[in-house]
Amino acid sequence: MTDPATGQEVDRTYYVNVPDGVQEGAAVIFWFHGFCDDLSKQPFVDVGEENGVITVYPQGMSDYSEAGYYSWNCGDNNKVNSCTTLAEPYCFDSCDAIGMCGSCNWYTCIDDVAFVKAMIAELKDYFKIDETKIYVSGESNGGMFVYYLS
């Protein structure tokens, strides 16, 4: 997909678990992993299996020079009111490309809200999900992204 924030072409990945017998109009739970975690952490698979709920595990971006620094864009890049002078900045490539590096950066500038909208559109088309039954959760950076997404 072309990222609307940076104009870059980015490959996005997510894993979908669809329990046997899922009906049209099923509920969906999205789980957003924490900073440096990845989509292999799937805490709601059992809940989905037991209740006929589709679970979705998106992969954050790792556009930082150190491999494995997966993160979510929480909409706070290049701002200093959310950290202290002790913060160690990480300028992700996507932030550098649009001049959004700052002393408190530690996550990507890729538009993850657009990514979620694209996933929902695909899930709606393919699985006929009920858009009134979409639930989101996450931990750490993923939890911050859920707050921003909401």
# chains A, B, ... in the order shown; residues from 1 in each chain; ligands from 1

call {"tool": "residues_around", "arguments": {"residues": "A:Ala67", "least_positions_apart": "6", "cutoff": "12 Å", "atoms": "only C-alpha atoms", "output": "PyMOL selection string"}}
result
chain A and resi 36-38+61+92

call {"tool": "select_by_dssp", "arguments": {"residues": "stretch 25-143 of chain A", "states": "alpha helix (DSSP H)", "output": "number ranges by chain"}}
result
A: 45-51, 93-97, 112-127, 141-143

call {"tool": "write_last_selection", "arguments": {"atoms": "N, CA, C and O atoms", "output": "CSV table (one decimal), in the first residue's frame"}}
result
chain,number,residue,atom,x,y,z
A,45,VAL,N,-6.5,-16.0,20.5
A,45,VAL,CA,-6.8,-17.1,19.6
A,45,VAL,C,-7.8,-18.0,20.3
A,45,VAL,O,-8.9,-18.3,19.7
A,46,ASP,N,-7.6,-18.4,21.5
A,46,ASP,CA,-8.5,-19.2,22.2
A,46,ASP,C,-9.8,-18.6,22.4
A,46,ASP,O,-10.9,-19.3,22.3
A,47,VAL,N,-9.9,-17.3,22.8
A,47,VAL,CA,-11.2,-16.6,22.9
A,47,VAL,C,-11.9,-16.6,21.6
A,47,VAL,O,-13.1,-16.9,21.6
A,48,GLY,N,-11.2,-16.4,20.5
A,48,GLY,CA,-11.9,-16.4,19.2
A,48,GLY,C,-12.4,-17.8,18.9
A,48,GLY,O,-13.5,-17.9,18.4
A,49,GLU,N,-11.6,-18.8,19.1
A,49,GLU,CA,-12.0,-20.2,18.8
A,49,GLU,C,-13.2,-20.6,19.6
A,49,GLU,O,-14.1,-21.2,19.1
A,50,GLU,N,-13.2,-20.2,20.9
A,50,GLU,CA,-14.3,-20.6,21.8
A,50,GLU,C,-15.6,-19.9,21.5
A,50,GLU,O,-16.7,-20.4,21.8
A,51,ASN,N,-15.5,-18.7,20.9
A,51,ASN,CA,-16.7,-17.8,20.7
A,51,ASN,C,-17.0,-17.5,19.3
A,51,ASN,O,-17.9,-16.7,19.0
A,93,ASP,N,13.1,5.6,9.9
A,93,ASP,CA,13.3,6.1,8.5
A,93,ASP,C,12.1,6.9,8.0
A,93,ASP,O,12.2,7.9,7.3
A,94,SER,N,10.9,6.4,8.3
A,94,SER,CA,9.6,7.1,7.9
A,94,SER,C,9.5,8.5,8.5
A,94,SER,O,9.0,9.4,7.8
A,95,CYS,N,10.0,8.7,9.7
A,95,CYS,CA,10.0,10.0,10.4
A,95,CYS,C,11.0,10.9,9.8
A,95,CYS,O,10.8,12.1,9.5
A,96,ASP,N,12.2,10.3,9.5
A,96,ASP,CA,13.3,11.1,8.9
A,96,ASP,C,12.9,11.6,7.5
A,96,ASP,O,13.2,12.8,7.2
A,97,ALA,N,12.2,10.8,6.8
A,97,ALA,CA,11.7,11.1,5.4
A,97,ALA,C,10.8,12.3,5.4
A,97,ALA,O,10.8,13.1,4.4
A,112,ASP,N,-0.6,4.2,10.5
A,112,ASP,CA,-1.2,2.9,10.9
A,112,ASP,C,-2.7,3.0,11.0
A,112,ASP,O,-3.3,2.0,10.9
A,113,VAL,N,-3.3,4.2,11.1
A,113,VAL,CA,-4.7,4.3,11.1
A,113,VAL,C,-5.2,3.9,9.7
A,113,VAL,O,-6.2,3.2,9.6
A,114,ALA,N,-4.5,4.4,8.7
A,114,ALA,CA,-4.9,4.0,7.3
A,114,ALA,C,-4.7,2.5,7.1
A,114,ALA,O,-5.5,1.8,6.4
A,115,PHE,N,-3.7,1.9,7.7
A,115,PHE,CA,-3.5,0.4,7.7
A,115,PHE,C,-4.7,-0.3,8.3
A,115,PHE,O,-5.2,-1.3,7.7
A,116,VAL,N,-5.2,0.2,9.4
A,116,VAL,CA,-6.3,-0.5,10.1
A,116,VAL,C,-7.6,-0.4,9.2
A,116,VAL,O,-8.3,-1.3,9.0
A,117,LYS,N,-7.8,0.8,8.6
A,117,LYS,CA,-8.9,1.0,7.7
A,117,LYS,C,-8.9,0.0,6.5
A,117,LYS,O,-9.9,-0.5,6.1
A,118,ALA,N,-7.7,-0.1,6.0
A,118,ALA,CA,-7.5,-1.1,4.9
A,118,ALA,C,-7.8,-2.5,5.3
A,118,ALA,O,-8.4,-3.3,4.6
A,119,MET,N,-7.3,-2.9,6.5
A,119,MET,CA,-7.6,-4.2,7.0
A,119,MET,C,-9.1,-4.5,7.2
A,119,MET,O,-9.6,-5.5,6.8
A,120,ILE,N,-9.7,-3.5,7.8
A,120,ILE,CA,-11.2,-3.6,8.0
A,120,ILE,C,-11.9,-3.8,6.7
A,120,ILE,O,-12.8,-4.6,6.5
A,121,ALA,N,-11.5,-3.0,5.7
A,121,ALA,CA,-12.2,-3.1,4.3
A,121,ALA,C,-12.0,-4.5,3.7
A,121,ALA,O,-12.9,-5.1,3.2
A,122,GLU,N,-10.7,-5.0,3.9
A,122,GLU,CA,-10.5,-6.4,3.3
A,122,GLU,C,-11.3,-7.4,4.1
A,122,GLU,O,-11.9,-8.3,3.5
A,123,LEU,N,-11.3,-7.3,5.4
A,123,LEU,CA,-12.1,-8.3,6.2
A,123,LEU,C,-13.6,-8.2,5.9
A,123,LEU,O,-14.2,-9.2,5.9
A,124,LYS,N,-14.0,-7.0,5.7
A,124,LYS,CA,-15.5,-6.8,5.4
A,124,LYS,C,-15.8,-7.5,4.1
A,124,LYS,O,-16.8,-8.1,4.0
A,125,ASP,N,-15.0,-7.3,3.1
A,125,ASP,CA,-15.2,-7.9,1.8
A,125,ASP,C,-15.1,-9.4,1.8
A,125,ASP,O,-15.9,-10.1,1.3
A,126,TYR,N,-14.0,-9.9,2.5
A,126,TYR,CA,-13.7,-11.3,2.4
A,126,TYR,C,-14.6,-12.2,3.4
A,126,TYR,O,-15.0,-13.3,3.1
A,127,PHE,N,-14.7,-11.7,4.6
A,127,PHE,CA,-15.4,-12.5,5.7
A,127,PHE,C,-16.8,-11.9,6.0
A,127,PHE,O,-17.5,-12.5,6.9
A,141,ASN,N,3.2,-0.2,23.5
A,141,ASN,CA,3.1,0.7,22.3
A,141,ASN,C,1.8,0.4,21.6
A,141,ASN,O,1.1,1.2,21.0
A,142,GLY,N,1.4,-0.9,21.5
A,142,GLY,CA,0.2,-1.3,20.9
A,142,GLY,C,-1.1,-0.7,21.6
A,142,GLY,O,-2.0,-0.3,21.0
A,143,GLY,N,-1.0,-0.7,22.9
A,143,GLY,CA,-2.1,-0.1,23.7
A,143,GLY,C,-2.2,1.4,23.5
A,143,GLY,O,-3.2,2.0,23.4

call {"tool": "closest_atom_pairs", "arguments": {"of": "stretch 46-78 of chain A", "to": "stretch 26-35 of chain A", "cutoff": "8 Å", "atoms": "only C-alpha atoms", "output": "CSV"}}
result
residue,atom,partner,partner_atom,distance
A:Gly48,CA,A:Ile29,CA,7.9
A:Gly52,CA,A:Ala26,CA,7.2
A:Val53,CA,A:Ala27,CA,5.2
A:Ile54,CA,A:Val28,CA,4.7
A:Thr55,CA,A:Ile29,CA,4.8
A:Val56,CA,A:Phe30,CA,4.8
A:Tyr57,CA,A:Trp31,CA,5.3
A:Pro58,CA,A:Phe32,CA,6.4
A:Gln59,CA,A:His33,CA,7.7
A:Gly60,CA,A:His33,CA,7.6
A:Tyr69,CA,A:Phe35,CA,6.8
A:Tyr70,CA,A:Phe35,CA,5.7
A:Ser71,CA,A:Phe35,CA,5.0
A:Trp72,CA,A:Phe35,CA,7.6

call {"tool": "write_last_selection", "arguments": {"atoms": "C-alpha atoms", "output": "PDB file, in the first residue's frame"}}
result
ATOM      1  CA  GLY A  48     -11.884 -16.418  19.220  1.00  0.00           C
ATOM      2  CA  GLY A  52     -16.656 -17.853  16.921  1.00  0.00           C
ATOM      3  CA  VAL A  53     -14.773 -14.548  16.778  1.00  0.00           C
ATOM      4  CA  ILE A  54     -12.197 -13.692  14.111  1.00  0.00           C
ATOM      5  CA  THR A  55      -8.906 -12.559  15.652  1.00  0.00           C
ATOM      6  CA  VAL A  56      -6.480 -10.342  13.764  1.00  0.00           C
ATOM      7  CA  TYR A  57      -2.817  -9.767  14.584  1.00  0.00           C
ATOM      8  CA  PRO A  58      -1.277  -6.901  12.576  1.00  0.00           C
ATOM      9  CA  GLN A  59       2.479  -6.404  12.323  1.00  0.00           C
ATOM     10  CA  GLY A  60       3.865  -3.003  13.264  1.00  0.00           C
ATOM     11  CA  TYR A  69      12.227  -2.527  16.351  1.00  0.00           C
ATOM     12  CA  TYR A  70       8.568  -3.019  15.428  1.00  0.00           C
ATOM     13  CA  SER A  71       6.285  -0.168  16.457  1.00  0.00           C
ATOM     14  CA  TRP A  72       2.971   1.618  15.967  1.00  0.00           C
TER      15      TRP A  72
END

call {"tool": "residues_around", "arguments": {"residues": "A:Asp76", "least_positions_apart": "3", "cutoff": "10 Å", "atoms": "only C-alpha atoms", "output": "ChimeraX atom specification"}}
result
/A:73,79-82,100,104-107,109,148

call {"tool": "atom_distance", "arguments": {"atom1": "atom CA of A:Gln42", "atom2": "atom CA of A:Pro4"}}
result
28.0 Å

call {"tool": "select_by_dssp", "arguments": {"residues": "stretch 19-136 of chain A", "states": "strand (DSSP E)", "output": "number ranges by chain"}}
result
A: 28-32, 54-58, 134-136

call {"tool": "write_last_selection", "arguments": {"atoms": "N, CA and C atoms", "output": "compact mmCIF listing (two decimals), in the first residue's frame"}}
result
# COMPACT_ATOMS: atom_id res chain seq x y z
N VAL A 28 -14.92 -9.23 15.35
CA VAL A 28 -13.48 -9.26 15.10
C VAL A 28 -12.77 -8.62 16.29
N ILE A 29 -11.70 -9.26 16.74
CA ILE A 29 -10.82 -8.68 17.75
C ILE A 29 -9.46 -8.42 17.11
N PHE A 30 -8.99 -7.18 17.17
CA PHE A 30 -7.64 -6.82 16.73
C PHE A 30 -6.74 -6.76 17.96
N TRP A 31 -5.54 -7.34 17.85
CA TRP A 31 -4.54 -7.24 18.92
C TRP A 31 -3.30 -6.56 18.35
N PHE A 32 -2.88 -5.46 18.99
CA PHE A 32 -1.70 -4.71 18.56
C PHE A 32 -0.57 -4.96 19.57
N ILE A 54 -13.41 -13.81 14.92
CA ILE A 54 -12.20 -13.69 14.11
C ILE A 54 -11.19 -12.86 14.90
N THR A 55 -9.95 -13.33 14.99
CA THR A 55 -8.91 -12.56 15.65
C THR A 55 -7.86 -12.15 14.62
N VAL A 56 -7.41 -10.92 14.74
CA VAL A 56 -6.48 -10.34 13.76
C VAL A 56 -5.26 -9.80 14.50
N TYR A 57 -4.08 -10.15 13.97
CA TYR A 57 -2.82 -9.77 14.58
C TYR A 57 -1.96 -9.01 13.56
N PRO A 58 -2.08 -7.69 13.52
CA PRO A 58 -1.28 -6.90 12.58
C PRO A 58 0.18 -6.81 13.02
N ILE A 134 -16.41 -4.68 16.11
CA ILE A 134 -14.96 -4.64 15.97
C ILE A 134 -14.39 -4.19 17.31
N TYR A 135 -13.50 -4.99 17.85
CA TYR A 135 -12.90 -4.71 19.15
C TYR A 135 -11.39 -4.62 18.98
N VAL A 136 -10.75 -3.73 19.73
CA VAL A 136 -9.31 -3.55 19.63
C VAL A 136 -8.68 -3.60 21.01
